[in-house]
>>> print(open('model-v7.csv').read())   # CSV, C-alpha atoms and all ligand atoms
chain,number,residue,atom,x,y,z
W,647,MET,CA,-13.4,-46.0,4.7
W,648,ALA,CA,-12.5,-44.5,8.1
W,649,GLN,CA,-11.2,-47.1,10.6
W,650,THR,CA,-13.1,-47.2,13.8
W,651,VAL,CA,-10.9,-47.7,16.9
W,652,THR,CA,-12.7,-48.7,20.1
W,653,SER,CA,-10.5,-51.5,21.3
W,654,ASP,CA,-9.4,-49.7,24.4
W,655,SER,CA,-13.0,-49.0,25.3
W,656,ARG,CA,-14.0,-52.6,24.6
W,657,SER,CA,-11.3,-54.1,26.8
W,658,ILE,CA,-12.4,-51.9,29.7
W,659,ALA,CA,-15.9,-53.0,29.1
W,660,ALA,CA,-14.8,-56.5,29.9
W,661,ASP,CA,-14.7,-55.5,33.5
W,662,SER,CA,-17.8,-53.3,33.8
W,663,THR,CA,-17.4,-52.9,37.6
W,664,LEU,CA,-14.7,-50.3,36.7
W,665,CYS,CA,-17.2,-48.3,34.7
W,666,ASP,CA,-19.8,-45.8,35.6
W,667,VAL,CA,-21.3,-45.4,32.1
W,668,GLU,CA,-21.4,-47.9,29.3
W,669,LEU,CA,-23.0,-47.6,25.9
W,670,HIS,CA,-23.7,-50.8,24.0
W,671,GLN,CA,-24.4,-50.4,20.3
W,672,LEU,CA,-26.3,-47.1,21.0
W,673,VAL,CA,-28.4,-45.9,18.0
W,674,LYS,CA,-30.6,-42.8,18.0
W,675,VAL,CA,-32.7,-42.0,14.9
W,676,PHE,CA,-34.6,-38.7,14.5
W,677,ASP,CA,-37.2,-38.6,11.7
W,678,GLY,CA,-35.6,-41.5,9.9
W,679,GLU,CA,-32.1,-39.9,10.1
W,680,PRO,CA,-29.6,-41.7,12.3
W,681,ALA,CA,-27.8,-39.2,14.6
W,682,VAL,CA,-25.9,-41.9,16.6
W,683,LYS,CA,-24.9,-45.0,14.7
W,684,GLY,CA,-24.1,-47.9,17.0
W,685,VAL,CA,-21.8,-46.4,19.6
W,686,ASP,CA,-19.9,-48.5,22.1
W,687,LEU,CA,-18.3,-46.7,25.0
W,688,ALA,CA,-17.1,-47.6,28.5
W,689,ILE,CA,-16.4,-44.7,30.8
W,690,ARG,CA,-14.5,-45.5,33.9
W,691,LYS,CA,-15.4,-44.4,37.4
W,692,GLY,CA,-13.8,-41.1,38.4
W,693,GLU,CA,-12.7,-40.4,34.8
W,694,PHE,CA,-12.8,-37.0,33.1
W,695,PHE,CA,-14.1,-38.2,29.7
W,696,SER,CA,-14.8,-35.9,26.8
W,697,ILE,CA,-16.8,-36.5,23.7
W,698,LEU,CA,-15.3,-34.4,21.0
W,699,GLY,CA,-16.4,-33.8,17.4
W,700,PRO,CA,-17.7,-31.2,14.9
W,701,SER,CA,-21.1,-29.6,15.0
W,702,GLY,CA,-23.9,-32.1,14.3
W,703,CYS,CA,-21.9,-35.3,14.9
W,704,GLY,CA,-24.2,-36.5,17.7
W,705,LYS,CA,-22.3,-35.4,20.8
W,706,THR,CA,-25.3,-33.8,22.6
W,707,THR,CA,-27.6,-36.6,21.6
W,708,ILE,CA,-25.3,-39.1,23.3
W,709,LEU,CA,-25.1,-37.0,26.4
W,710,ARG,CA,-28.9,-36.5,26.5
W,711,THR,CA,-29.4,-40.3,26.1
W,712,ILE,CA,-27.1,-40.9,29.1
W,713,ALA,CA,-29.1,-38.3,31.1
W,714,GLY,CA,-32.4,-39.9,30.1
W,715,PHE,CA,-33.8,-36.9,28.1
W,716,GLU,CA,-33.7,-39.1,24.9
W,717,ARG,CA,-34.6,-42.8,24.6
W,718,PRO,CA,-32.3,-45.0,22.5
W,719,SER,CA,-33.8,-46.1,19.2
W,720,SER,CA,-31.8,-49.3,19.9
W,721,GLY,CA,-28.9,-50.4,22.1
W,722,GLU,CA,-28.4,-49.9,25.7
W,723,VAL,CA,-27.3,-47.3,28.2
W,724,ARG,CA,-25.9,-48.8,31.5
W,725,ILE,CA,-25.0,-46.7,34.5
W,726,GLN,CA,-23.2,-48.5,37.3
W,727,GLN,CA,-23.9,-51.9,35.7
W,728,GLN,CA,-27.7,-51.3,35.4
W,729,CYS,CA,-29.5,-50.8,32.2
W,730,VAL,CA,-31.3,-47.5,32.5
W,731,ASN,CA,-33.1,-47.4,29.2
W,732,ASP,CA,-36.5,-47.3,31.1
W,733,VAL,CA,-35.3,-45.2,34.0
W,734,PRO,CA,-36.5,-41.6,34.0
W,735,PRO,CA,-33.9,-38.8,34.2
W,736,TYR,CA,-34.6,-37.9,37.8
W,737,ARG,CA,-34.1,-41.5,39.0
W,738,ARG,CA,-30.6,-41.8,37.4
W,739,PRO,CA,-27.5,-41.0,39.5
W,740,VAL,CA,-26.5,-38.3,37.1
W,741,ASN,CA,-26.9,-34.6,36.8
W,742,THR,CA,-26.4,-32.3,33.8
W,743,VAL,CA,-24.8,-28.8,33.5
W,744,PHE,CA,-26.0,-27.0,30.3
W,745,GLN,CA,-24.2,-24.3,28.3
W,746,SER,CA,-27.2,-22.0,29.0
W,747,TYR,CA,-26.9,-22.4,32.8
W,748,ALA,CA,-30.7,-22.9,33.1
W,749,LEU,CA,-30.9,-20.9,36.3
W,750,PHE,CA,-34.1,-19.5,37.8
W,751,ASN,CA,-33.8,-15.7,37.5
W,752,HIS,CA,-36.3,-15.0,40.4
W,753,LEU,CA,-34.2,-17.1,42.9
W,754,THR,CA,-31.0,-16.2,44.7
W,755,VAL,CA,-27.8,-18.1,44.2
W,756,ALA,CA,-28.5,-20.0,47.4
W,757,ASP,CA,-32.1,-20.8,46.4
W,758,ASN,CA,-31.1,-21.9,42.9
W,759,ILE,CA,-28.6,-24.3,44.4
W,760,ALA,CA,-31.1,-25.5,47.1
W,761,PHE,CA,-33.9,-26.1,44.5
W,762,GLY,CA,-33.4,-29.8,43.9
W,763,LEU,CA,-33.1,-30.7,47.5
W,764,LYS,CA,-36.3,-28.6,48.3
W,765,ILE,CA,-38.2,-30.5,45.7
W,766,GLN,CA,-37.0,-33.7,47.3
W,767,ARG,CA,-38.4,-32.3,50.6
W,768,ARG,CA,-35.1,-32.8,52.4
W,769,PRO,CA,-34.8,-31.5,56.0
W,770,LYS,CA,-34.2,-27.8,56.3
W,771,ALA,CA,-31.0,-28.1,58.3
W,772,GLU,CA,-29.6,-30.6,55.8
W,773,ILE,CA,-30.4,-28.3,52.9
W,774,GLU,CA,-28.7,-25.3,54.6
W,775,GLN,CA,-25.6,-27.3,55.3
W,776,LYS,CA,-25.3,-28.7,51.8
W,777,VAL,CA,-25.9,-25.3,50.2
W,778,ILE,CA,-23.1,-23.8,52.3
W,779,GLU,CA,-20.7,-26.6,51.2
W,780,ALA,CA,-21.8,-26.4,47.5
W,781,ILE,CA,-21.4,-22.6,47.3
W,782,ALA,CA,-18.0,-22.9,49.0
W,783,SER,CA,-16.9,-25.6,46.6
W,784,VAL,CA,-17.4,-23.2,43.6
W,785,GLN,CA,-16.0,-20.3,45.6
W,786,LEU,CA,-19.1,-18.2,45.6
W,787,SER,CA,-19.8,-17.9,49.3
W,788,ALA,CA,-19.8,-14.1,49.2
W,789,MET,CA,-22.6,-14.1,46.5
W,790,ALA,CA,-25.1,-16.4,48.1
W,791,ASN,CA,-27.8,-13.7,48.2
W,792,ARG,CA,-27.3,-12.3,44.7
W,793,TYR,CA,-29.7,-13.0,41.8
W,794,PRO,CA,-28.4,-14.5,38.5
W,795,HIS,CA,-28.6,-11.1,36.7
W,796,GLN,CA,-26.1,-9.7,39.2
W,797,LEU,CA,-23.5,-12.3,38.3
W,798,SER,CA,-21.0,-12.6,35.4
W,799,GLY,CA,-21.2,-15.5,32.9
W,800,GLY,CA,-18.5,-17.4,34.7
W,801,GLN,CA,-20.2,-17.0,38.1
W,802,ARG,CA,-23.5,-18.1,36.7
W,803,GLN,CA,-21.8,-21.3,35.4
W,804,ARG,CA,-20.4,-21.9,38.9
W,805,VAL,CA,-23.9,-21.7,40.3
W,806,ALA,CA,-25.1,-24.2,37.7
W,807,LEU,CA,-22.2,-26.5,38.7
W,808,ALA,CA,-23.0,-26.2,42.4
W,809,ARG,CA,-26.6,-26.9,41.7
W,810,ALA,CA,-25.7,-30.0,39.7
W,811,LEU,CA,-23.3,-31.3,42.3
W,812,ILE,CA,-25.3,-30.6,45.5
W,813,ASN,CA,-27.0,-34.1,45.6
W,814,ARG,CA,-23.6,-35.7,44.8
W,815,PRO,CA,-24.5,-37.5,41.5
W,816,SER,CA,-22.2,-40.4,40.6
W,817,VAL,CA,-21.8,-38.9,37.1
W,818,LEU,CA,-21.7,-35.2,36.1
W,819,LEU,CA,-22.7,-34.6,32.5
W,820,LEU,CA,-21.4,-31.3,31.0
W,821,ASP,CA,-22.9,-30.1,27.7
W,822,GLU,CA,-20.5,-27.5,26.3
W,823,PRO,CA,-20.3,-26.1,29.8
W,824,LEU,CA,-18.0,-23.2,28.9
W,825,GLY,CA,-19.3,-22.5,25.4
W,826,ALA,CA,-21.0,-19.2,26.3
W,827,LEU,CA,-17.9,-17.7,28.0
W,828,ASP,CA,-15.2,-15.5,26.5
W,829,LEU,CA,-11.7,-16.9,26.1
W,830,LYS,CA,-10.2,-15.6,29.3
W,831,LEU,CA,-13.1,-16.7,31.5
W,832,ARG,CA,-13.2,-20.0,29.6
W,833,LYS,CA,-9.5,-20.6,30.6
W,834,GLU,CA,-10.3,-19.8,34.3
W,835,MET,CA,-13.3,-22.1,34.3
W,836,GLN,CA,-11.3,-24.9,32.8
W,837,VAL,CA,-9.0,-24.7,35.8
W,838,GLU,CA,-12.1,-24.6,38.1
W,839,LEU,CA,-13.6,-27.7,36.4
W,840,SER,CA,-10.3,-29.6,36.7
W,841,ARG,CA,-10.0,-28.6,40.4
W,842,LEU,CA,-13.6,-29.7,41.1
W,843,HIS,CA,-13.0,-33.0,39.3
W,844,GLN,CA,-9.9,-33.8,41.3
W,845,GLU,CA,-11.5,-32.7,44.7
W,846,LEU,CA,-14.8,-34.6,44.2
W,847,GLY,CA,-13.5,-37.7,42.4
W,848,LEU,CA,-16.7,-38.0,40.4
W,849,THR,CA,-17.0,-39.2,36.8
W,850,PHE,CA,-17.3,-36.2,34.5
W,851,VAL,CA,-18.6,-36.7,30.9
W,852,MET,CA,-18.1,-33.5,28.9
W,853,VAL,CA,-19.3,-32.7,25.4
W,854,THR,CA,-17.3,-30.1,23.5
W,855,HIS,CA,-16.2,-29.2,20.0
W,856,ASP,CA,-13.2,-27.4,21.4
W,857,GLN,CA,-10.2,-29.7,20.9
W,858,GLU,CA,-7.9,-27.7,23.1
W,859,GLU,CA,-10.3,-27.9,26.0
W,860,ALA,CA,-10.7,-31.6,25.6
W,861,LEU,CA,-7.0,-32.2,25.4
W,862,SER,CA,-6.2,-30.1,28.5
W,863,LEU,CA,-9.0,-31.4,30.8
W,864,SER,CA,-9.6,-35.0,29.8
W,865,ASP,CA,-8.3,-38.4,31.0
W,866,ARG,CA,-9.6,-39.8,27.8
W,867,ILE,CA,-11.4,-38.5,24.7
W,868,ALA,CA,-13.8,-40.1,22.2
W,869,VAL,CA,-13.6,-38.4,18.8
W,870,LEU,CA,-17.0,-38.6,17.1
W,871,ARG,CA,-17.7,-38.2,13.4
W,872,SER,CA,-21.2,-38.4,11.8
W,873,GLY,CA,-22.6,-40.4,14.7
W,874,SER,CA,-19.8,-43.0,14.9
W,875,ILE,CA,-16.7,-43.2,17.0
W,876,GLU,CA,-13.4,-42.7,15.1
W,877,GLN,CA,-11.0,-43.2,18.1
W,878,VAL,CA,-11.0,-43.4,21.9
W,879,GLY,CA,-7.8,-42.6,23.7
W,880,THR,CA,-5.8,-40.4,26.1
W,881,PRO,CA,-5.1,-36.9,24.9
W,882,SER,CA,-1.5,-37.8,23.9
W,883,GLU,CA,-2.7,-41.0,22.1
W,884,ILE,CA,-5.3,-38.9,20.1
W,885,TYR,CA,-2.8,-36.2,19.3
W,886,GLU,CA,0.4,-38.2,18.7
W,887,ARG,CA,-1.1,-41.4,17.3
W,888,PRO,CA,-4.3,-40.5,15.5
W,889,GLN,CA,-5.7,-43.6,13.8
W,890,THR,CA,-7.4,-41.8,11.0
W,891,ALA,CA,-6.8,-38.7,8.8
W,892,PHE,CA,-10.1,-37.3,10.3
W,893,VAL,CA,-8.7,-37.5,13.8
W,894,ALA,CA,-5.3,-36.1,12.8
W,895,ASP,CA,-7.0,-33.2,11.1
W,896,PHE,CA,-9.6,-32.5,13.8
W,897,ILE,CA,-7.2,-32.5,16.7
W,898,GLY,CA,-4.6,-29.7,16.4
W,899,ASP,CA,-3.1,-28.5,13.2
W,900,THR,CA,-1.6,-30.9,10.7
W,901,ASN,CA,-0.4,-31.2,7.1
W,902,LEU,CA,-2.1,-33.9,5.2
W,903,PHE,CA,-0.8,-35.4,1.9
W,904,ALA,CA,-2.9,-38.0,0.0
W,905,GLY,CA,-0.9,-40.6,-1.8
W,906,GLN,CA,-0.2,-44.3,-2.6
W,907,VAL,CA,2.2,-46.7,-0.8
W,908,ALA,CA,5.0,-47.2,-3.4
W,909,GLN,CA,7.2,-49.5,-1.4
W,910,GLN,CA,7.9,-50.8,2.1
W,911,ASP,CA,11.0,-52.3,3.7
W,912,ASN,CA,13.2,-52.0,6.7
W,913,GLY,CA,10.5,-50.3,8.8
W,914,MET,CA,10.1,-47.6,6.2
W,915,ILE,CA,7.1,-46.9,4.0
W,916,GLU,CA,7.6,-44.7,0.9
W,917,VAL,CA,4.4,-42.8,-0.1
W,918,VAL,CA,4.2,-41.1,-3.5
W,919,CYS,CA,1.8,-38.3,-3.1
W,920,ASP,CA,-0.7,-36.9,-5.6
W,921,ARG,CA,1.5,-33.9,-6.5
W,922,GLY,CA,4.7,-36.0,-6.9
W,923,LEU,CA,6.2,-35.6,-3.4
W,924,SER,CA,7.8,-38.7,-2.1
W,925,ILE,CA,7.5,-39.0,1.7
W,926,THR,CA,9.2,-41.6,3.8
W,927,VAL,CA,7.3,-42.7,7.0
W,928,ALA,CA,8.8,-44.9,9.7
W,929,SER,CA,6.3,-47.7,10.4
W,930,THR,CA,6.8,-51.3,11.6
W,931,THR,CA,3.2,-52.3,10.5
W,932,PRO,CA,1.9,-52.0,6.9
W,933,PRO,CA,-1.0,-49.6,6.5
W,934,ALA,CA,-4.4,-51.2,6.2
W,935,THR,CA,-4.9,-49.6,2.7
W,936,LYS,CA,-2.5,-48.8,-0.2
W,937,THR,CA,-4.1,-45.4,-0.5
W,938,VAL,CA,-3.0,-43.4,2.5
W,939,THR,CA,-2.9,-39.9,3.9
W,940,VAL,CA,0.4,-38.8,5.4
W,941,SER,CA,0.0,-36.6,8.4
W,942,VAL,CA,2.9,-34.4,9.7
W,943,ARG,CA,2.4,-31.9,12.5
W,944,PRO,CA,3.7,-28.3,11.8
W,945,GLU,CA,5.9,-28.4,14.9
W,946,ASN,CA,7.7,-31.5,13.7
W,947,ILE,CA,9.0,-29.7,10.5
W,948,GLN,CA,12.4,-28.0,10.5
W,949,LEU,CA,13.3,-25.0,8.3
W,950,SER,CA,16.7,-24.2,6.8
W,951,LEU,CA,18.0,-21.5,4.6
W,952,ALA,CA,20.6,-23.9,3.2
W,953,PRO,CA,19.8,-27.0,1.2
W,954,CYS,CA,19.5,-30.0,3.7
W,955,ASP,CA,21.4,-33.2,3.2
W,956,ARG,CA,19.2,-35.6,5.1
W,957,PRO,CA,18.3,-38.9,3.5
W,958,TYR,CA,14.5,-38.5,3.8
W,959,ASN,CA,11.8,-35.8,3.5
W,960,CYS,CA,13.8,-32.8,2.4
W,961,PHE,CA,11.9,-30.4,0.2
W,962,GLU,CA,12.5,-27.1,-1.4
W,963,GLY,CA,10.1,-24.2,-1.5
W,964,ARG,CA,9.4,-20.5,-1.0
W,965,LEU,CA,8.2,-18.8,2.1
W,966,GLN,CA,4.6,-17.6,1.5
W,967,HIS,CA,3.4,-16.3,4.8
W,968,VAL,CA,5.0,-15.6,8.2
W,969,MET,CA,2.8,-15.1,11.2
W,970,TYR,CA,4.4,-14.0,14.5
W,971,LEU,CA,2.5,-15.6,17.4
W,972,GLY,CA,4.6,-14.4,20.4
W,973,THR,CA,6.6,-17.4,21.6
W,974,HIS,CA,6.2,-19.2,18.2
W,975,VAL,CA,6.3,-18.3,14.5
W,976,GLN,CA,4.0,-19.9,12.0
W,977,TYR,CA,5.2,-20.2,8.4
W,978,VAL,CA,3.4,-21.3,5.2
W,979,VAL,CA,5.8,-22.7,2.6
W,980,ALA,CA,4.8,-23.3,-1.0
W,981,LEU,CA,6.8,-26.3,-2.2
W,982,THR,CA,8.2,-26.4,-5.7
W,983,GLY,CA,5.7,-29.2,-6.6
W,984,GLY,CA,2.7,-27.0,-5.6
W,985,ASP,CA,1.9,-28.3,-2.0
W,986,ARG,CA,1.5,-25.8,0.8
W,987,VAL,CA,3.0,-26.8,4.1
W,988,MET,CA,2.4,-25.2,7.5
W,989,VAL,CA,5.4,-25.1,9.8
W,990,MET,CA,5.5,-24.0,13.5
W,991,GLN,CA,8.8,-23.1,15.1
W,992,PRO,CA,9.9,-21.4,18.3
W,993,LYS,CA,10.7,-17.8,17.6
W,994,PRO,CA,14.2,-17.6,16.0
W,995,SER,CA,16.6,-14.6,16.6
W,996,SER,CA,15.8,-13.4,13.1
W,997,ILE,CA,12.6,-14.2,11.1
W,998,PRO,CA,13.0,-14.8,7.4
W,999,GLN,CA,10.9,-12.6,5.1
W,1000,PRO,CA,8.2,-13.9,2.8
W,1001,ASN,CA,9.4,-15.0,-0.6
W,1002,THR,CA,12.7,-16.3,0.8
W,1003,GLN,CA,13.9,-19.5,-0.8
W,1004,ILE,CA,13.7,-22.1,2.0
W,1005,TYR,CA,14.3,-25.8,2.6
W,1006,LEU,CA,12.2,-27.9,5.0
W,1007,TYR,CA,12.7,-31.4,6.4
W,1008,TRP,CA,11.2,-33.8,8.9
W,1009,SER,CA,12.1,-37.2,10.3
W,1010,PRO,CA,10.3,-40.3,9.1
W,1011,ASP,CA,9.5,-40.9,12.8
W,1012,ASP,CA,7.6,-37.6,12.9
W,1013,CYS,CA,4.9,-38.5,10.4
W,1014,LEU,CA,2.2,-41.1,10.1
W,1015,ALA,CA,0.7,-42.9,7.1
W,1016,LEU,CA,-3.0,-43.2,7.9
W,1017,PRO,CA,-5.5,-45.4,6.0
W,1018,THR,CA,-7.8,-43.5,3.7
Y,1,LIG,P1,-23.4,-29.3,18.1
Y,1,LIG,O1,-22.0,-29.3,18.5
Y,1,LIG,O2,-23.7,-28.3,17.0
Y,1,LIG,O3,-24.3,-29.0,19.3
Y,1,LIG,P2,-23.8,-32.1,18.2
Y,1,LIG,O4,-22.6,-32.9,17.8
Y,1,LIG,O5,-24.1,-32.0,19.7
Y,1,LIG,O6,-23.8,-30.7,17.5
Y,1,LIG,P3,-26.5,-33.2,18.1
Y,1,LIG,O7,-27.1,-32.1,18.7
Y,1,LIG,O8,-26.4,-34.5,18.9
Y,1,LIG,O9,-25.0,-32.8,17.5
Y,1,LIG,O10,-27.3,-33.5,16.7
Y,1,LIG,C1,-26.9,-34.7,15.9
Y,1,LIG,C2,-27.9,-34.7,14.7
Y,1,LIG,O11,-29.2,-35.0,15.2
Y,1,LIG,C3,-28.0,-33.4,14.0
Y,1,LIG,O12,-28.1,-33.6,12.6
Y,1,LIG,C4,-29.3,-32.8,14.6
Y,1,LIG,O13,-29.9,-31.9,13.6
Y,1,LIG,C5,-30.1,-34.0,14.8
Y,1,LIG,N1,-31.0,-33.8,16.0
Y,1,LIG,C6,-30.7,-33.6,17.3
Y,1,LIG,N2,-31.8,-33.5,18.0
Y,1,LIG,C7,-32.9,-33.7,17.2
Y,1,LIG,C8,-34.3,-33.7,17.4
Y,1,LIG,N3,-34.8,-33.5,18.6
Y,1,LIG,N4,-35.1,-33.9,16.3
Y,1,LIG,C9,-34.5,-34.1,15.1
Y,1,LIG,N5,-33.2,-34.1,14.8
Y,1,LIG,C10,-32.4,-33.9,15.9
>>> encode(input="model-v7.csv", output="C-alpha cells")
Amino acid sequence: MAQTVTSDSRSIAADSTLCDVELHQLVKVFDGEPAVKGVDLAIRKGEFFSILGPSGCGKTTILRTIAGFERPSSGEVRIQQQCVNDVPPYRRPVNTVFQSYALFNHLTVADNIAFGLKIQRRPKAEIEQKVIEAIASVQLSAMANRYPHQLSGGQRQRVALARALINRPSVLLLDEPLGALDLKLRKEMQVELSRLHQELGLTFVMVTHDQEEALSLSDRIAVLRSGSIEQVGTPSEIYERPQTAFVADFIGDTNLFAGQVAQQDNGMIEVVCDRGLSITVASTTPPATKTVTVSVRPENIQLSLAPCDRPYNCFEGRLQHVMYLGTHVQYVVALTGGDRVMVMQPKPSSIPQPNTQIYLYWSPDDCLALPT
C-alpha cells in the first residue's frame, strides 16, 4: 500500500496562526463515489502552494471546496483559523482564477476588472484608483479599453488575474491557470505569476497536472493520488526524496525496478529485481516493506563504452535509442537481462550509435528503495 506522508503539513498545523488555509480530514463524495478521501493540509501564509496530480485525482474538488463552491461531505476547511464550511464563497477572503478566464465579453478590460468592486458599490474614485493599480500590476495599462476578443490568451489570463486580485484577497486560488496557453506563453506567464506572488506576498494555491510548472513555481507541493495525499514537500524534497514509487514516477522521469530486499548491512540494501538485476541502494533506514521499487533518475546514470569496474550497480546492455535534445542526449539501453533503462547525459563530443555495446552504472547514493 502507498505510504501517505503528511508529517510536515501536520507539524505546521500545530501552529495554525502560521497558516492561511487548513484542511482537516476533508472528504468529498459525489454520487456515492469519494473524490477526496480524508485530506489533511496546512498551507502557510504567503506560500506558493501547488496541488499536483493526474487527471481525476480530486485537485479541482479540493480547490472548489476551499473557494466554497463545493461543501465538504465531512471534515473541515479553515481559512485564517476560522471554519468556513458554512460561509458562502463571496464572504470568504479568497478569489479564484479559472483556466477558462471567465471574462465578460461585452465589458472592456477596465470594466471586467472593476466588476467586483462595482457590485460591492464601492465609491467611484476608489474603484478607478484600484483598477489603475490592478491593470498596472499585470502590465496591461495600454489595453484598458480593449474588449476580451481583442486580447491574446495570455493577456486575457492577466485580466482574470487582475480581476481576482483587485479586492486583495488573502488567498488566491488558481485552477490550472495556464492550461489553455501554448508552451511559450505558458513559460512567460509562469514568470508573471512568480513575480506577482513575490510582489503581493499573498498565499497562492494552484492546481496543476504539470509537474514542471509545480516544481518551478511552488514553495511546497502536495502530490495527490486518487483523492489522497501521497506526499507534501518542497520541490527538491519531492523530486530528490520521493517517499513512494508513485511520486517518483509522477514527478520527472525515472527508472523503476520492482524487487525484493535480499540483504541489508553497513548502510547498504541489496535488492534483487524481478528480472534478476541486483541493485545496491545506500540507505541507513530499512524500507517499510520487503517488496520495494528501486527508483533511479536518468540523469544519475553514467554510460561507458568500456566495462566498468565499480563495486555496485554496473550493468551491460545495448544502446536501443538515442535522442538528441539540444543540451542533453537521452539514451534507451536494453540491458542483457531484458530491462530497458533511460539515461540522460549532457551532450558528449561524439554520440554513440544505436546498437552499440554499452555499460552503465550508478552510485548506491543515487537510487532509492521505495516501499511497494
Ligand atoms: P483534472 O485534472 O482532469 O481536472 P482533477 O484532479 O481536478 O482532474 P476533479 O475534477 O477534482 O479532478 O474530480 C475528481 C473526481 O470527482 C473525478 O472522478 C470526477 O469525475 C468527480 N467529480 C468532480 N466533480 C463532480 C461532480 N460535480 N459530480 C460528480 N462527480 C464529480
>>> residues_around(input="model-v7.csv", residues="Phe892 (chain W)", least_positions_apart="4", cutoff="10 Å", atoms="all atoms listed in the file", output="ChimeraX atom specification")
/W:648-649,869-871,876-877,888,896-897,939,1016,1018
>>> atom_distance(input="model-v7.csv", atom1="CA of Gly762 (chain W)", atom2="CA of Lys833 (chain W)")
28.9 Å
>>> closest_atom_pairs(input="model-v7.csv", of="chain W", to="ligand LIG 1 (chain Y)", cutoff="12 Å", atoms="all atoms listed in the file", output="tab-separated table")
residue	atom	partner	partner_atom	distance
W:Val673	CA	Y:LIG1	O11	11.3
W:Lys674	CA	Y:LIG1	O11	8.4
W:Val675	CA	Y:LIG1	O11	7.8
W:Phe676	CA	Y:LIG1	C9	4.6
W:Asp677	CA	Y:LIG1	C9	6.3
W:Gly678	CA	Y:LIG1	C9	9.1
W:Glu679	CA	Y:LIG1	N5	7.5
W:Pro680	CA	Y:LIG1	O11	7.3
W:Ala681	CA	Y:LIG1	O11	4.5
W:Val682	CA	Y:LIG1	C1	7.3
W:Lys683	CA	Y:LIG1	C1	10.6
W:Ile697	CA	Y:LIG1	O4	9.0
W:Leu698	CA	Y:LIG1	O4	8.1
W:Gly699	CA	Y:LIG1	O4	6.3
W:Pro700	CA	Y:LIG1	O1	5.9
W:Ser701	CA	Y:LIG1	O2	3.5
W:Gly702	CA	Y:LIG1	O9	3.5
W:Cys703	CA	Y:LIG1	O4	3.8
W:Gly704	CA	Y:LIG1	O8	3.2
W:Lys705	CA	Y:LIG1	O4	3.9
W:Thr706	CA	Y:LIG1	O5	3.6
W:Thr707	CA	Y:LIG1	O8	3.6
W:Ile708	CA	Y:LIG1	O8	6.5
W:Leu709	CA	Y:LIG1	O8	8.0
W:Arg710	CA	Y:LIG1	O8	8.2
W:Thr711	CA	Y:LIG1	O8	9.7
W:Phe715	CA	Y:LIG1	N3	10.1
W:Glu716	CA	Y:LIG1	N3	8.5
W:Arg717	CA	Y:LIG1	N3	11.1
W:Phe744	CA	Y:LIG1	O3	11.3
W:Gln745	CA	Y:LIG1	O3	10.2
W:Leu820	CA	Y:LIG1	O5	11.6
W:Asp821	CA	Y:LIG1	O5	8.3
W:Glu822	CA	Y:LIG1	O3	8.1
W:Pro823	CA	Y:LIG1	O3	11.6
W:Gly825	CA	Y:LIG1	O1	10.1
W:Met852	CA	Y:LIG1	O5	11.1
W:Val853	CA	Y:LIG1	O5	7.5
W:Thr854	CA	Y:LIG1	O1	6.9
W:His855	CA	Y:LIG1	O1	6.0
W:Asp856	CA	Y:LIG1	O1	9.5
W:Val869	CA	Y:LIG1	O4	10.6
W:Leu870	CA	Y:LIG1	O4	8.0
W:Arg871	CA	Y:LIG1	O4	8.5
W:Ser872	CA	Y:LIG1	C1	7.9
W:Gly873	CA	Y:LIG1	C1	7.2
W:Ser874	CA	Y:LIG1	O4	10.9
W:Ile875	CA	Y:LIG1	O4	11.9
>>> closest_residue(input="model-v7.csv", among="W:Ala713, W:Leu951, W:Val942, W:Leu846", to="Val740 (chain W)", atoms="all atoms listed in the file")
W:Ala713
>>> residues_around(input="model-v7.csv", residues="region 929-933 of chain W", least_positions_apart="3", cutoff="8 Å", atoms="only C-alpha atoms", output="list in words")
Gln910, Gly913, Met914, Ile915, Lys936, Val938, Asp1011, Leu1014, Ala1015, Leu1016 and Pro1017 of chain W
>>> atom_distance(input="model-v7.csv", atom1="CA of Leu1006 (chain W)", atom2="CA of Gly963 (chain W)")
7.8 Å
>>> residues_near_point(input="model-v7.csv", point="(-23.4, -53.6, 31.8)", cutoff="12 Å", atoms="only C-alpha atoms", output="PyMOL selection string")
chain W and resi 656+658-671+686-689+721-731
>>> write_last_selection(input="model-v7.csv", atoms="C-alpha atoms", output="CSV table (one decimal), keeping the file's coordinate frame")
chain,number,residue,atom,x,y,z
W,656,ARG,CA,-14.0,-52.6,24.6
W,658,ILE,CA,-12.4,-51.9,29.7
W,659,ALA,CA,-15.9,-53.0,29.1
W,660,ALA,CA,-14.8,-56.5,29.9
W,661,ASP,CA,-14.7,-55.5,33.5
W,662,SER,CA,-17.8,-53.3,33.8
W,663,THR,CA,-17.4,-52.9,37.6
W,664,LEU,CA,-14.7,-50.3,36.7
W,665,CYS,CA,-17.2,-48.3,34.7
W,666,ASP,CA,-19.8,-45.8,35.6
W,667,VAL,CA,-21.3,-45.4,32.1
W,668,GLU,CA,-21.4,-47.9,29.3
W,669,LEU,CA,-23.0,-47.6,25.9
W,670,HIS,CA,-23.7,-50.8,24.0
W,671,GLN,CA,-24.4,-50.4,20.3
W,686,ASP,CA,-19.9,-48.5,22.1
W,687,LEU,CA,-18.3,-46.7,25.0
W,688,ALA,CA,-17.1,-47.6,28.5
W,689,ILE,CA,-16.4,-44.7,30.8
W,721,GLY,CA,-28.9,-50.4,22.1
W,722,GLU,CA,-28.4,-49.9,25.7
W,723,VAL,CA,-27.3,-47.3,28.2
W,724,ARG,CA,-25.9,-48.8,31.5
W,725,ILE,CA,-25.0,-46.7,34.5
W,726,GLN,CA,-23.2,-48.5,37.3
W,727,GLN,CA,-23.9,-51.9,35.7
W,728,GLN,CA,-27.7,-51.3,35.4
W,729,CYS,CA,-29.5,-50.8,32.2
W,730,VAL,CA,-31.3,-47.5,32.5
W,731,ASN,CA,-33.1,-47.4,29.2
>>> atom_distance(input="model-v7.csv", atom1="CA of Ala806 (chain W)", atom2="CA of Glu845 (chain W)")
17.5 Å
>>> closest_residue(input="model-v7.csv", among="W:Gln836, W:Ala756, W:Gln803, W:Met990", to="Glu774 (chain W)", atoms="only C-alpha atoms")
W:Ala756
>>> closest_residue(input="model-v7.csv", among="W:Asn813, W:Gln796, W:Thr849, W:Gln976", to="Ile765 (chain W)", atoms="only C-alpha atoms")
W:Asn813
>>> closest_residue(input="model-v7.csv", among="W:Leu848, W:Cys919, W:Val940, W:Ala790", to="Gln889 (chain W)", atoms="all atoms listed in the file")
W:Val940
